[in-house]
>>> print(open('upload31.cif').read())   # mmCIF, C-alpha atoms
data_start
loop_
_atom_site.label_atom_id
_atom_site.label_comp_id
_atom_site.auth_asym_id
_atom_site.auth_seq_id
_atom_site.Cartn_x
_atom_site.Cartn_y
_atom_site.Cartn_z
CA MET U 15 -105.03 115.12 36.74
CA SER U 16 -102.69 114.81 33.86
CA MET U 17 -100.02 112.10 33.78
CA TRP U 18 -97.82 114.38 31.76
CA LYS U 19 -96.28 117.04 33.95
CA GLN U 20 -94.40 120.02 32.63
CA THR U 21 -90.67 119.56 32.34
CA PRO U 22 -89.08 121.95 34.85
CA SER U 23 -87.17 124.96 33.61
CA GLN U 24 -83.44 125.40 34.12
CA THR U 25 -81.16 128.34 33.50
CA VAL U 26 -79.78 128.95 30.01
CA GLY U 27 -76.39 129.31 31.72
CA PRO U 28 -73.53 131.53 30.57
CA TYR U 29 -72.44 129.51 27.54
CA PHE U 30 -75.36 129.53 25.09
CA ALA U 31 -73.89 131.96 22.54
CA TYR U 32 -72.17 129.41 20.29
CA ALA U 33 -75.51 127.60 19.94
CA LEU U 34 -78.23 130.24 20.03
CA THR U 35 -76.43 133.31 18.64
CA PRO U 36 -73.61 131.47 16.84
CA GLU U 37 -72.75 133.96 14.08
CA SER U 38 -69.61 135.08 15.92
CA TYR U 39 -68.54 131.41 16.02
CA GLY U 40 -68.88 131.07 12.27
CA PHE U 41 -72.18 129.19 12.34
CA ARG U 42 -75.58 130.30 11.13
CA GLY U 43 -78.28 130.56 13.79
CA ILE U 44 -82.03 130.55 13.30
CA ALA U 45 -82.31 134.30 13.90
CA THR U 46 -80.16 137.39 14.41
CA ASN U 47 -80.75 140.86 15.81
CA ARG U 48 -81.42 142.24 12.34
CA LEU U 49 -85.03 141.48 11.47
CA VAL U 50 -85.27 143.74 8.44
CA GLU U 51 -83.95 144.09 4.94
CA PRO U 52 -83.56 147.57 3.46
CA ASP U 53 -86.84 147.14 1.57
CA THR U 54 -88.96 145.76 4.43
CA PRO U 55 -92.12 147.92 4.51
CA GLY U 56 -92.74 150.08 7.56
CA GLU U 57 -90.89 152.53 9.76
CA HIS U 58 -87.39 151.18 10.34
CA ILE U 59 -86.33 151.49 13.94
CA VAL U 60 -83.51 150.45 16.23
CA ILE U 61 -84.28 149.16 19.70
CA GLU U 62 -81.40 149.30 22.08
CA GLY U 63 -80.92 149.07 25.78
CA ARG U 64 -79.09 147.43 28.63
CA VAL U 65 -79.94 144.72 31.12
CA PHE U 66 -79.08 145.35 34.79
CA ASP U 67 -79.06 143.16 37.89
CA GLY U 68 -80.11 144.08 41.41
CA ASN U 69 -76.76 145.75 42.12
CA GLY U 70 -77.13 147.92 39.05
CA ASP U 71 -74.39 145.95 37.33
CA PRO U 72 -74.75 145.07 33.64
CA VAL U 73 -75.89 141.54 32.84
CA GLU U 74 -73.30 140.48 30.30
CA ASP U 75 -74.76 137.10 29.42
CA ALA U 76 -78.46 137.62 28.83
CA LEU U 77 -80.33 136.42 25.76
CA LEU U 78 -83.22 138.48 24.43
CA GLU U 79 -85.68 137.08 21.95
CA ILE U 80 -88.22 139.38 20.38
CA TRP U 81 -91.39 138.49 18.52
CA GLN U 82 -93.53 141.05 16.80
CA ALA U 83 -96.06 141.81 14.09
CA ASP U 84 -95.12 143.63 10.89
CA SER U 85 -95.98 147.27 10.30
CA GLN U 86 -99.52 146.25 9.34
CA GLY U 87 -100.11 144.25 12.54
CA ARG U 88 -99.66 140.81 10.94
CA TYR U 89 -97.79 137.93 12.57
CA ALA U 90 -95.77 135.62 10.37
CA ASP U 91 -96.99 132.47 12.07
CA ALA U 92 -97.94 130.66 8.91
CA PRO U 93 -95.72 128.45 6.77
CA GLY U 94 -93.29 130.65 4.90
CA GLY U 95 -94.32 133.68 6.92
CA GLY U 96 -97.90 133.93 5.64
CA SER U 97 -98.81 137.35 4.31
CA ALA U 98 -96.59 139.20 6.75
CA ASP U 99 -93.79 141.40 5.43
CA PHE U 100 -91.14 139.74 7.57
CA LEU U 101 -90.67 136.93 10.07
CA GLY U 102 -90.62 139.21 13.10
CA PHE U 103 -88.39 137.08 15.32
CA GLY U 104 -84.97 138.19 16.55
CA ARG U 105 -82.29 137.12 18.97
CA CYS U 106 -79.54 139.11 20.60
CA GLY U 107 -77.09 138.29 23.38
CA THR U 108 -75.94 141.12 25.61
CA ASP U 109 -72.34 142.34 25.51
CA PRO U 110 -70.00 142.94 28.49
CA GLN U 111 -71.78 146.26 29.13
CA GLY U 112 -75.15 144.49 29.16
CA ARG U 113 -76.14 146.07 25.85
CA PHE U 114 -78.46 144.69 23.20
CA ARG U 115 -79.66 146.09 19.90
CA PHE U 116 -82.28 145.10 17.34
CA GLU U 117 -82.94 146.48 13.88
CA THR U 118 -86.59 146.09 13.03
CA VAL U 119 -89.75 147.93 12.02
CA LYS U 120 -92.28 149.47 14.32
CA PRO U 121 -95.11 146.94 14.62
CA GLY U 122 -98.70 147.74 13.75
CA ARG U 123 -101.61 147.26 16.13
CA VAL U 124 -102.86 143.73 16.74
CA PRO U 125 -106.26 142.63 18.09
CA GLY U 126 -106.26 141.72 21.77
CA PRO U 127 -108.82 140.39 24.25
CA ASP U 128 -112.47 141.12 23.38
CA ALA U 129 -111.37 142.29 19.92
CA ARG U 130 -109.91 145.45 21.43
CA LEU U 131 -106.84 146.62 19.56
CA MET U 132 -103.60 146.44 21.49
CA ALA U 133 -101.09 149.27 21.28
CA PRO U 134 -98.04 148.56 19.12
CA HIS U 135 -95.75 146.32 21.11
CA ILE U 136 -92.99 143.74 20.87
CA ALA U 137 -92.96 140.59 22.99
CA VAL U 138 -89.70 139.81 24.76
CA CYS U 139 -88.49 136.51 26.16
CA LEU U 140 -85.50 137.14 28.42
CA THR U 141 -83.15 134.58 29.86
CA ALA U 142 -79.69 134.60 31.40
CA ARG U 143 -77.33 132.87 33.78
CA GLY U 144 -79.04 133.27 37.15
CA LEU U 145 -82.52 133.18 35.68
CA LEU U 146 -83.94 129.77 36.48
CA ASN U 147 -87.05 130.61 34.44
CA HIS U 148 -87.28 132.65 31.26
CA LEU U 149 -89.11 135.94 31.67
CA PHE U 150 -91.77 137.46 29.44
CA THR U 151 -92.13 141.19 29.07
CA ARG U 152 -93.23 143.66 26.38
CA ILE U 153 -91.81 146.73 24.74
CA TYR U 154 -94.32 149.53 24.15
CA PHE U 155 -93.53 152.91 22.55
CA ASP U 156 -93.65 156.32 24.22
CA ASP U 157 -94.97 158.10 21.12
CA GLU U 158 -98.13 155.96 21.18
CA GLU U 159 -99.71 157.63 24.19
CA GLU U 160 -103.28 157.30 22.97
CA ALA U 161 -102.95 153.63 22.02
CA ASN U 162 -101.06 152.84 25.22
CA ALA U 163 -103.83 154.46 27.29
CA GLU U 164 -106.38 151.98 25.91
CA ASP U 165 -104.15 148.90 25.76
CA PRO U 166 -105.87 145.94 27.44
CA VAL U 167 -102.60 144.47 28.73
CA LEU U 168 -101.00 147.69 29.97
CA GLU U 169 -104.12 148.46 31.95
CA LEU U 170 -103.49 145.32 34.04
CA VAL U 171 -100.17 146.77 35.18
CA PRO U 172 -100.14 149.08 38.20
CA GLU U 173 -99.84 152.58 36.82
CA GLU U 174 -96.62 153.38 38.65
CA ARG U 175 -94.87 150.41 37.00
CA ARG U 176 -96.13 150.87 33.42
CA GLY U 177 -93.19 153.09 32.57
CA THR U 178 -90.86 150.09 32.78
CA LEU U 179 -92.55 148.72 29.64
CA VAL U 180 -92.31 151.85 27.51
CA ALA U 181 -89.35 152.53 25.21
CA ARG U 182 -88.24 156.13 24.68
CA ARG U 183 -87.93 157.48 21.15
CA GLU U 184 -84.86 159.40 20.04
CA VAL U 185 -83.75 160.45 16.60
CA ARG U 186 -80.04 160.07 16.02
CA ASN U 187 -78.50 161.11 12.71
CA GLY U 188 -81.86 160.59 11.07
CA ALA U 189 -82.31 157.09 12.55
CA VAL U 190 -85.16 156.32 14.93
CA VAL U 191 -83.86 154.68 18.07
CA TYR U 192 -86.01 153.44 20.91
CA ARG U 193 -84.26 153.03 24.23
CA PHE U 194 -85.45 150.21 26.49
CA ASP U 195 -83.53 149.16 29.59
CA ILE U 196 -84.40 146.09 31.62
CA HIS U 197 -83.93 145.95 35.39
CA LEU U 198 -84.17 142.47 36.86
CA GLN U 199 -84.49 143.79 40.41
CA GLY U 200 -84.61 147.04 42.35
CA GLU U 201 -86.77 150.11 42.46
CA ARG U 202 -87.16 150.16 38.69
CA GLU U 203 -87.67 146.39 38.33
CA THR U 204 -89.17 145.74 34.91
CA VAL U 205 -92.66 144.27 34.83
CA PHE U 206 -92.59 140.58 33.91
CA PHE U 207 -95.71 138.69 32.95
CA ASP U 208 -97.31 135.41 33.88
CA VAL U 209 -98.89 134.63 30.53
CA MET Q 17 -100.99 128.12 13.84
CA ARG Q 18 -103.56 127.20 16.48
CA ARG Q 19 -104.65 130.70 17.38
CA ASN Q 20 -107.93 129.60 18.92
CA ILE Q 21 -106.19 127.51 21.59
CA THR Q 22 -104.98 128.94 24.86
CA TYR Q 23 -102.52 127.16 27.12
CA LYS Q 24 -102.46 125.97 30.69
CA PRO Q 25 -100.41 128.16 33.02
CA ARG Q 26 -96.76 127.56 33.70
CA ASP Q 27 -96.79 124.98 36.48
CA TRP Q 28 -94.98 126.93 39.17
CA SER Q 29 -95.08 123.90 41.47
CA SER Q 30 -92.75 122.15 39.01
CA HIS Q 31 -90.45 125.01 38.04
CA PRO Q 32 -87.70 126.42 40.23
CA PRO Q 33 -88.24 129.65 42.17
CA MET Q 34 -86.89 132.88 40.69
CA ILE Q 35 -84.43 133.15 43.57
CA HIS Q 36 -82.71 130.04 44.89
CA PRO Q 37 -80.01 131.48 47.17
CA ASP Q 38 -77.70 128.44 46.88
CA TYR Q 39 -77.39 129.30 43.19
CA LYS Q 40 -75.70 132.62 43.81
CA SER Q 41 -76.43 134.41 40.54
CA THR Q 42 -80.16 134.21 41.26
CA ARG Q 43 -79.76 136.49 44.27
CA THR Q 44 -79.21 139.57 42.17
CA ARG Q 45 -80.89 138.44 38.97
CA GLY Q 46 -84.15 136.77 39.92
CA PRO Q 47 -87.07 139.24 39.88
CA THR Q 48 -88.42 140.00 43.36
CA LYS Q 49 -91.84 141.35 42.42
CA PRO Q 50 -94.67 138.97 41.54
CA LEU Q 51 -95.25 138.31 37.85
CA ILE Q 52 -98.29 140.16 36.53
CA PRO Q 53 -100.89 137.81 35.04
CA ILE Q 54 -102.12 138.79 31.57
CA PRO Q 55 -104.43 137.03 29.12
CA GLN Q 56 -102.92 135.09 26.24
CA THR Q 57 -103.30 137.26 23.15
CA LEU Q 58 -102.40 136.79 19.50
CA THR Q 59 -98.91 137.98 20.42
CA ASP Q 60 -98.51 135.11 22.85
CA LEU Q 61 -100.32 132.39 20.90
CA THR Q 62 -98.45 132.80 17.65
CA VAL Q 63 -95.03 131.26 17.21
CA PRO Q 64 -91.92 132.11 15.27
CA VAL Q 65 -91.78 129.89 12.19
CA TYR Q 66 -88.80 127.84 11.08
CA GLY Q 67 -88.96 125.70 8.04
CA HIS Q 68 -86.94 122.58 7.50
CA GLU Q 69 -84.64 124.81 5.45
CA ALA Q 70 -83.30 126.31 8.70
CA ILE Q 71 -82.03 122.88 9.72
CA GLY Q 72 -78.95 121.45 8.05
CA GLU Q 73 -78.53 117.76 7.35
CA LEU Q 74 -75.91 117.21 10.06
CA ASP Q 75 -77.38 119.60 12.60
CA ASN Q 76 -78.59 116.79 14.87
CA ASP Q 77 -75.28 114.91 14.78
CA LEU Q 78 -72.78 116.66 17.03
CA THR Q 79 -70.16 114.02 16.32
CA ARG Q 80 -70.06 115.16 12.70
CA ASN Q 81 -71.39 118.71 12.44
CA ALA Q 82 -68.08 120.29 13.42
CA ALA Q 83 -65.60 117.53 12.64
CA LYS Q 84 -62.44 118.91 11.05
CA ASN Q 85 -59.91 116.11 10.80
CA GLY Q 86 -61.38 113.21 12.71
CA GLU Q 87 -63.95 112.17 15.27
CA PRO Q 88 -64.53 113.85 18.60
CA ILE Q 89 -63.10 112.16 21.68
CA GLY Q 90 -65.44 110.60 24.21
CA GLU Q 91 -68.35 108.27 24.72
CA ARG Q 92 -70.66 108.42 21.71
CA ILE Q 93 -74.32 108.56 22.76
CA VAL Q 94 -77.75 108.82 21.20
CA VAL Q 95 -80.09 111.20 23.00
CA ALA Q 96 -83.68 110.84 21.86
CA GLY Q 97 -87.20 111.23 23.13
CA ARG Q 98 -90.59 112.68 22.50
CA VAL Q 99 -91.91 116.18 23.01
CA LEU Q 100 -95.44 115.99 24.37
CA ASP Q 101 -98.03 118.36 25.78
CA GLU Q 102 -99.77 117.93 29.12
CA ASP Q 103 -102.40 115.74 27.50
CA GLY Q 104 -99.73 113.41 26.16
CA ARG Q 105 -100.16 114.56 22.58
CA PRO Q 106 -97.06 114.88 20.42
CA VAL Q 107 -95.72 118.35 19.74
CA ARG Q 108 -94.87 118.14 16.06
CA ASN Q 109 -92.41 119.99 13.91
CA THR Q 110 -91.04 121.99 16.80
CA LEU Q 111 -87.49 123.27 16.99
CA ILE Q 112 -85.10 121.83 19.58
CA GLU Q 113 -81.70 123.41 20.05
CA ILE Q 114 -79.07 121.81 22.30
CA TRP Q 115 -75.61 122.76 23.50
CA GLN Q 116 -73.13 121.17 25.85
CA ALA Q 117 -69.55 120.81 27.03
CA ASN Q 118 -67.22 118.29 25.40
CA ALA Q 119 -66.12 115.01 26.97
CA ALA Q 120 -63.52 116.84 29.07
CA GLY Q 121 -66.07 119.24 30.50
CA ARG Q 122 -64.99 122.19 28.38
CA TYR Q 123 -67.30 124.49 26.45
CA ILE Q 124 -66.14 126.08 23.24
CA HIS Q 125 -67.59 129.37 24.52
CA ARG Q 126 -64.89 132.08 24.68
CA ARG Q 127 -65.62 132.88 28.31
CA ASP Q 128 -65.13 129.29 29.49
CA GLN Q 129 -61.66 129.25 31.02
CA HIS Q 130 -61.84 125.76 32.56
CA HIS Q 131 -58.40 124.17 32.32
CA ALA Q 132 -59.46 121.23 30.17
CA PRO Q 133 -58.79 120.61 26.50
CA LEU Q 134 -60.95 121.77 23.65
CA ASP Q 135 -61.72 119.12 21.05
CA PRO Q 136 -60.95 120.29 17.51
CA ASN Q 137 -63.65 117.98 16.19
CA PHE Q 138 -66.42 118.98 18.58
CA HIS Q 139 -68.37 122.20 18.69
CA GLY Q 140 -71.16 121.06 21.02
CA ALA Q 141 -74.27 122.57 19.46
CA GLY Q 142 -77.06 121.00 17.45
CA ARG Q 143 -80.68 121.38 16.46
CA CYS Q 144 -83.53 119.44 14.93
CA LEU Q 145 -87.28 119.43 14.45
CA THR Q 146 -89.60 116.89 16.04
CA ASP Q 147 -91.39 114.50 13.70
CA ASP Q 148 -95.11 113.75 13.45
CA ASP Q 149 -95.02 111.67 16.62
CA GLY Q 150 -93.06 114.29 18.53
CA TRP Q 151 -89.78 112.35 18.30
CA TYR Q 152 -86.36 113.97 18.16
CA ARG Q 153 -82.95 112.33 18.02
CA PHE Q 154 -79.41 113.63 18.50
CA VAL Q 155 -76.08 111.88 18.25
CA THR Q 156 -73.42 113.40 20.47
CA ILE Q 157 -70.62 112.80 22.96
CA ARG Q 158 -71.39 112.38 26.63
CA PRO Q 159 -70.44 115.73 28.21
CA GLY Q 160 -68.04 115.82 31.14
CA PRO Q 161 -68.69 117.55 34.46
CA TYR Q 162 -66.92 120.85 35.02
CA PRO Q 163 -66.04 123.15 37.90
CA TRP Q 164 -67.73 126.52 38.37
CA GLN Q 165 -67.35 129.43 40.72
CA ASN Q 166 -70.64 129.23 42.62
CA HIS Q 167 -69.04 127.96 45.84
CA HIS Q 168 -65.88 126.20 46.95
CA ASN Q 169 -65.25 123.03 44.94
CA ALA Q 170 -68.47 123.39 42.94
CA TRP Q 171 -68.98 121.00 40.01
CA ARG Q 172 -71.80 120.94 37.51
CA PRO Q 173 -73.07 117.42 36.83
CA SER Q 174 -72.87 116.31 33.19
CA HIS Q 175 -75.75 117.94 31.37
CA ILE Q 176 -77.07 118.97 27.97
CA HIS Q 177 -78.89 122.29 27.55
CA PHE Q 178 -82.22 122.15 25.69
CA SER Q 179 -84.18 125.03 24.17
CA LEU Q 180 -87.66 124.47 22.72
CA PHE Q 181 -90.43 126.61 21.30
CA GLY Q 182 -93.49 124.38 21.12
CA PRO Q 183 -96.66 125.51 19.37
CA SER Q 184 -96.73 129.11 20.63
CA PHE Q 185 -94.58 131.85 22.09
CA VAL Q 186 -95.83 130.98 25.60
CA THR Q 187 -94.89 127.30 25.39
CA ARG Q 188 -91.18 128.17 25.27
CA LEU Q 189 -88.97 126.06 27.51
CA ILE Q 190 -85.29 126.22 28.33
CA THR Q 191 -83.98 123.38 30.45
CA GLN Q 192 -81.14 120.95 31.07
CA MET Q 193 -81.00 117.17 30.74
CA TYR Q 194 -78.97 115.18 33.25
CA PHE Q 195 -77.71 111.58 33.36
CA PRO Q 196 -78.93 108.82 35.67
CA GLY Q 197 -76.84 108.00 38.70
CA ASP Q 198 -74.67 111.09 38.57
CA PRO Q 199 -73.32 111.63 42.10
CA LEU Q 200 -72.92 115.36 41.44
CA LEU Q 201 -76.67 115.90 41.19
CA ALA Q 202 -76.97 115.88 44.98
CA TYR Q 203 -74.56 118.81 45.23
CA ASP Q 204 -75.72 120.91 42.30
CA PRO Q 205 -77.77 123.97 43.33
CA ILE Q 206 -79.13 124.43 39.80
CA PHE Q 207 -80.59 120.92 39.66
CA GLN Q 208 -81.61 121.17 43.34
CA SER Q 209 -83.47 124.42 42.66
CA VAL Q 210 -86.26 122.31 41.15
CA PRO Q 211 -88.89 121.15 43.68
CA GLY Q 212 -87.99 117.63 44.83
CA HIS Q 213 -91.03 115.91 43.34
CA ALA Q 214 -90.21 117.23 39.86
CA ARG Q 215 -86.44 116.65 39.69
CA ASP Q 216 -86.68 113.18 38.16
CA ARG Q 217 -88.19 114.72 35.04
CA LEU Q 218 -84.81 116.25 34.23
CA ILE Q 219 -82.90 112.96 34.40
CA SER Q 220 -82.64 110.96 31.23
CA LYS Q 221 -82.98 107.17 31.31
CA PHE Q 222 -80.58 104.68 29.85
CA ASP Q 223 -82.51 102.99 27.05
CA LEU Q 224 -81.17 99.83 25.45
CA ASP Q 225 -83.56 100.29 22.54
CA LEU Q 226 -81.85 103.56 21.63
CA THR Q 227 -78.37 102.13 21.67
CA VAL Q 228 -76.72 101.27 18.39
CA PRO Q 229 -74.77 98.00 18.68
CA GLU Q 230 -70.98 98.39 18.49
CA TRP Q 231 -71.38 102.14 18.11
CA ALA Q 232 -73.28 104.21 20.70
CA THR Q 233 -75.19 103.95 23.98
CA GLY Q 234 -78.63 105.56 24.22
CA TYR Q 235 -80.46 107.86 26.63
CA ARG Q 236 -84.15 108.71 26.54
CA PHE Q 237 -85.34 112.16 27.52
CA ASP Q 238 -89.01 113.05 27.06
CA ILE Q 239 -90.07 116.65 27.40
CA VAL Q 240 -93.51 117.93 28.38
CA LEU Q 241 -94.58 121.43 27.33
CA ARG Q 242 -97.62 123.40 28.42
CA GLY Q 243 -100.76 121.87 26.96
CA PRO Q 244 -104.03 123.36 25.70
CA LYS Q 245 -106.29 124.66 28.42
CA GLU Q 246 -109.20 122.63 27.13
CA THR Q 247 -110.13 120.67 24.07
CA PRO Q 248 -111.60 123.24 21.70
CA MET Q 249 -115.36 122.81 21.35
CA GLU Q 250 -117.37 123.08 18.16
CA ALA Q 251 -119.46 126.03 19.25
CA GLY Q 252 -117.96 129.28 20.47
CA LYS Q 253 -117.19 129.62 24.14
#
>>> encode(input="upload31.cif", output="structure tokens")
Amino acid sequence: MSMWKQTPSQTVGPYFAYALTPESYGFRGIATNRLVEPDTPGEHIVIEGRVFDGNGDPVEDALLEIWQADSQGRYADAPGGGSADFLGFGRCGTDPQGRFRFETVKPGRVPGPDARLMAPHIAVCLTARGLLNHLFTRIYFDDEEEANAEDPVLELVPEERRGTLVARREVRNGAVVYRFDIHLQGERETVFFDV
Amino acid sequence: MRRNITYKPRDWSSHPPMIHPDYKSTRTRGPTKPLIPIPQTLTDLTVPVYGHEAIGELDNDLTRNAAKNGEPIGERIVVAGRVLDEDGRPVRNTLIEIWQANAAGRYIHRRDQHHAPLDPNFHGAGRCLTDDDGWYRFVTIRPGPYPWQNHHNAWRPSHIHFSLFGPSFVTRLITQMYFPGDPLLAYDPIFQSVPGHARDRLISKFDLDLTVPEWATGYRFDIVLRGPKETPMEAGK
């Protein structure tokens, strides 16, 4: 038995914005919701959605963090970003309507368990007032049916709940927008992972 | 980073439940369905990178990083400690972000309407990276307690919010540090949401060695993140 026990989690509370997403307070944070520059290689996409509680009310003080590979399936987890095209980490707090929005590129496929390729996906760490533990989920893409069907993580999710992990593609004024809502409770409760 | 290492599970016997009814917001926000276990993949074992360039020189000194025309009001304190894994090994070069109320118990956040003064010389946010031995150190002002709407006459004990990444995306931790002997701890449903045997881990200790004579008192707060599942062996699995 280890002498060193994990420090317990506590809620992020309602007042994190001036520290973790401080741009609107005139300070520079470590990440924003814009992961790309105009010349970042890959298909530029917007991911937007809303976070809802068990009453169907918007969660106005959630923090989403996303972590993803570049369009070639490379993670920037080496000093200076390694060979990846961008850092692939973003943060966004929800607004009074529970909305969030990220500007990024669609990630490439990344090797998963047993060297099987995973479908393109974005990891999400979600936290909010009222969440005593941060939650992990993933965003998959509805126009990747074939890759999704063979994804080694999606296949661990009961079929009837997989839809909660799949963002829906729309094209708006020439821009590709994926819609991804998160339900913390209720019939459409989003799948959260123990990873 | 250390892509060949996987991590021990989140220790659910130490963390609070998703729903702790005394903390009202959890009733409609905590997920009700069990988490779905998945293997740790490259996605989960990699970590967002921040260089030292993301950290400004004054970022770990909250008494100076937002000072406009003087020093913030309140009890100056040093908060320091080590970030370790479950094997007691230092977690190096990892980002720690903190935020807190001022000495009067008021957050600078626009939604905080507590009738207590803002401090023009105190913003209440800071960050730093741990060193090679896992040490971090902040200089700040001891935060005041403040009322909240959870129940009649509810007060949060003085606390500092901590956010850490650790060596991978799955070692992320968001927590709060409390102060020894605070009588409000017994009444705080957020602190009390943690299983009784693990609560002490959230309470800092007064540490004379961290005090700076004639200048600041010192509190020690060590943090333990998920550790490697096993020591990696030479040969493959």
>>> resolve_selection(input="upload31.cif", expression="the PyMOL selection byres ((chain Q and resi 115) around 10)", output="VMD selection string")
(chain U and resid 26 29 to 34) or (chain Q and resid 78 113 to 114 116 to 118 123 139 to 143 159 175 to 179 192)
>>> write_last_selection(input="upload31.cif", atoms="C-alpha atoms", output="mmCIF file, in the coordinates of the input")
data_model
loop_
_atom_site.group_PDB
_atom_site.id
_atom_site.type_symbol
_atom_site.label_atom_id
_atom_site.label_comp_id
_atom_site.auth_asym_id
_atom_site.auth_seq_id
_atom_site.Cartn_x
_atom_site.Cartn_y
_atom_site.Cartn_z
ATOM 1 C CA VAL U 26 -79.780 128.950 30.010
ATOM 2 C CA TYR U 29 -72.440 129.510 27.540
ATOM 3 C CA PHE U 30 -75.360 129.530 25.090
ATOM 4 C CA ALA U 31 -73.890 131.960 22.540
ATOM 5 C CA TYR U 32 -72.170 129.410 20.290
ATOM 6 C CA ALA U 33 -75.510 127.600 19.940
ATOM 7 C CA LEU U 34 -78.230 130.240 20.030
ATOM 8 C CA LEU Q 78 -72.780 116.660 17.030
ATOM 9 C CA GLU Q 113 -81.700 123.410 20.050
ATOM 10 C CA ILE Q 114 -79.070 121.810 22.300
ATOM 11 C CA GLN Q 116 -73.130 121.170 25.850
ATOM 12 C CA ALA Q 117 -69.550 120.810 27.030
ATOM 13 C CA ASN Q 118 -67.220 118.290 25.400
ATOM 14 C CA TYR Q 123 -67.300 124.490 26.450
ATOM 15 C CA HIS Q 139 -68.370 122.200 18.690
ATOM 16 C CA GLY Q 140 -71.160 121.060 21.020
ATOM 17 C CA ALA Q 141 -74.270 122.570 19.460
ATOM 18 C CA GLY Q 142 -77.060 121.000 17.450
ATOM 19 C CA ARG Q 143 -80.680 121.380 16.460
ATOM 20 C CA PRO Q 159 -70.440 115.730 28.210
ATOM 21 C CA HIS Q 175 -75.750 117.940 31.370
ATOM 22 C CA ILE Q 176 -77.070 118.970 27.970
ATOM 23 C CA HIS Q 177 -78.890 122.290 27.550
ATOM 24 C CA PHE Q 178 -82.220 122.150 25.690
ATOM 25 C CA SER Q 179 -84.180 125.030 24.170
ATOM 26 C CA GLN Q 192 -81.140 120.950 31.070
#
>>> resolve_selection(input="upload31.cif", expression="the PyMOL selection byres ((chain U) within 8 of (chain Q))", output="NGL selection string")
:U and (16-26 or 29-34 or 44 or 67-69 or 81-83 or 89-95 or 101-103 or 124-127 or 137 or 143-148 or 167 or 170-171 or 198-199 or 203 or 205-209)
>>> atom_distance(input="upload31.cif", atom1="CA of Leu168 (chain U)", atom2="CA of Phe194 (chain U)")
16.1 Å
>>> atom_distance(input="upload31.cif", atom1="CA of Arg122 (chain Q)", atom2="CA of Trp171 (chain Q)")
12.4 Å
>>> resolve_selection(input="upload31.cif", expression="the PyMOL selection byres ((chain U and resi 160-163) around 10)", output="list of chain:residue names")
U:Arg123, U:Leu131, U:Met132, U:Ala133, U:Pro134, U:His135, U:Tyr154, U:Phe155, U:Asp156, U:Asp157, U:Glu158, U:Glu159, U:Glu164, U:Asp165, U:Pro166, U:Val167, U:Leu168, U:Glu169, U:Arg176, U:Val180
>>> closest_residue(input="upload31.cif", among="Q:Gly160, Q:Pro244, Q:Gly150, Q:Pro106", to="His130 (chain Q)", atoms="all atoms listed in the file")
Q:Gly160
>>> residues_near_point(input="upload31.cif", point="(-67.2, 123.7, 37.3)", cutoff="9 Å", atoms="all atoms listed in the file", output="list in words")
Gly121, His130, Pro161, Tyr162, Pro163, Trp164, Gln165, Asn166, Asn169, Ala170, Trp171, Arg172 and Pro173 of chain Q
>>> atom_distance(input="upload31.cif", atom1="CA of Phe150 (chain U)", atom2="CA of Glu201 (chain U)")
18.8 Å
>>> closest_residue(input="upload31.cif", among="U:Pro72, U:Gly107, U:Gly177, U:Pro28", to="Leu140 (chain U)", atoms="all atoms listed in the file")
U:Gly107
>>> residues_around(input="upload31.cif", residues="Gln86 (chain U)", least_positions_apart="6", cutoff="12 Å", atoms="only C-alpha atoms", output="list in words")
Thr54, Pro55, Gly56, Glu57, Ser97, Ala98, Asp99, Phe100, Gly102, Val119, Lys120, Pro121, Gly122, Arg123, Val124, Pro125 and Pro134 of chain U
>>> closest_residue(input="upload31.cif", among="Q:Ile112, Q:Leu180, Q:Ile93, Q:Cys144", to="Phe195 (chain Q)", atoms="all atoms listed in the file")
Q:Ile93
>>> decode(input="upload31.cif", residues="region 82-87 of chain Q", atoms="N, CA, C and O atoms", output="PDB file, in the first residue's frame")
ATOM      1  N   ALA Q  82      -0.792  41.922  -9.565  1.00  0.00           N
ATOM      2  CA  ALA Q  82      -1.878  42.806 -10.008  1.00  0.00           C
ATOM      3  C   ALA Q  82      -1.836  44.138  -9.254  1.00  0.00           C
ATOM      4  O   ALA Q  82      -2.807  44.888  -9.285  1.00  0.00           O
ATOM      5  N   ALA Q  83      -0.730  44.391  -8.572  1.00  0.00           N
ATOM      6  CA  ALA Q  83      -0.652  45.616  -7.771  1.00  0.00           C
ATOM      7  C   ALA Q  83      -0.696  46.843  -8.677  1.00  0.00           C
ATOM      8  O   ALA Q  83      -0.007  46.902  -9.700  1.00  0.00           O
ATOM      9  N   LYS Q  84      -1.545  47.807  -8.318  1.00  0.00           N
ATOM     10  CA  LYS Q  84      -1.668  49.014  -9.136  1.00  0.00           C
ATOM     11  C   LYS Q  84      -0.987  50.205  -8.471  1.00  0.00           C
ATOM     12  O   LYS Q  84      -0.200  50.906  -9.076  1.00  0.00           O
ATOM     13  N   ASN Q  85      -1.357  50.450  -7.203  1.00  0.00           N
ATOM     14  CA  ASN Q  85      -0.801  51.637  -6.555  1.00  0.00           C
ATOM     15  C   ASN Q  85      -0.419  51.350  -5.110  1.00  0.00           C
ATOM     16  O   ASN Q  85      -0.439  52.240  -4.271  1.00  0.00           O
ATOM     17  N   GLY Q  86      -0.152  50.076  -4.822  1.00  0.00           N
ATOM     18  CA  GLY Q  86       0.227  49.748  -3.461  1.00  0.00           C
ATOM     19  C   GLY Q  86       0.168  48.251  -3.253  1.00  0.00           C
ATOM     20  O   GLY Q  86       0.134  47.491  -4.219  1.00  0.00           O
ATOM     21  N   GLU Q  87       0.152  47.851  -1.985  1.00  0.00           N
ATOM     22  CA  GLU Q  87       0.123  46.423  -1.687  1.00  0.00           C
ATOM     23  C   GLU Q  87      -1.286  46.001  -1.315  1.00  0.00           C
ATOM     24  O   GLU Q  87      -2.047  46.791  -0.760  1.00  0.00           O
TER      25      GLU Q  87
END
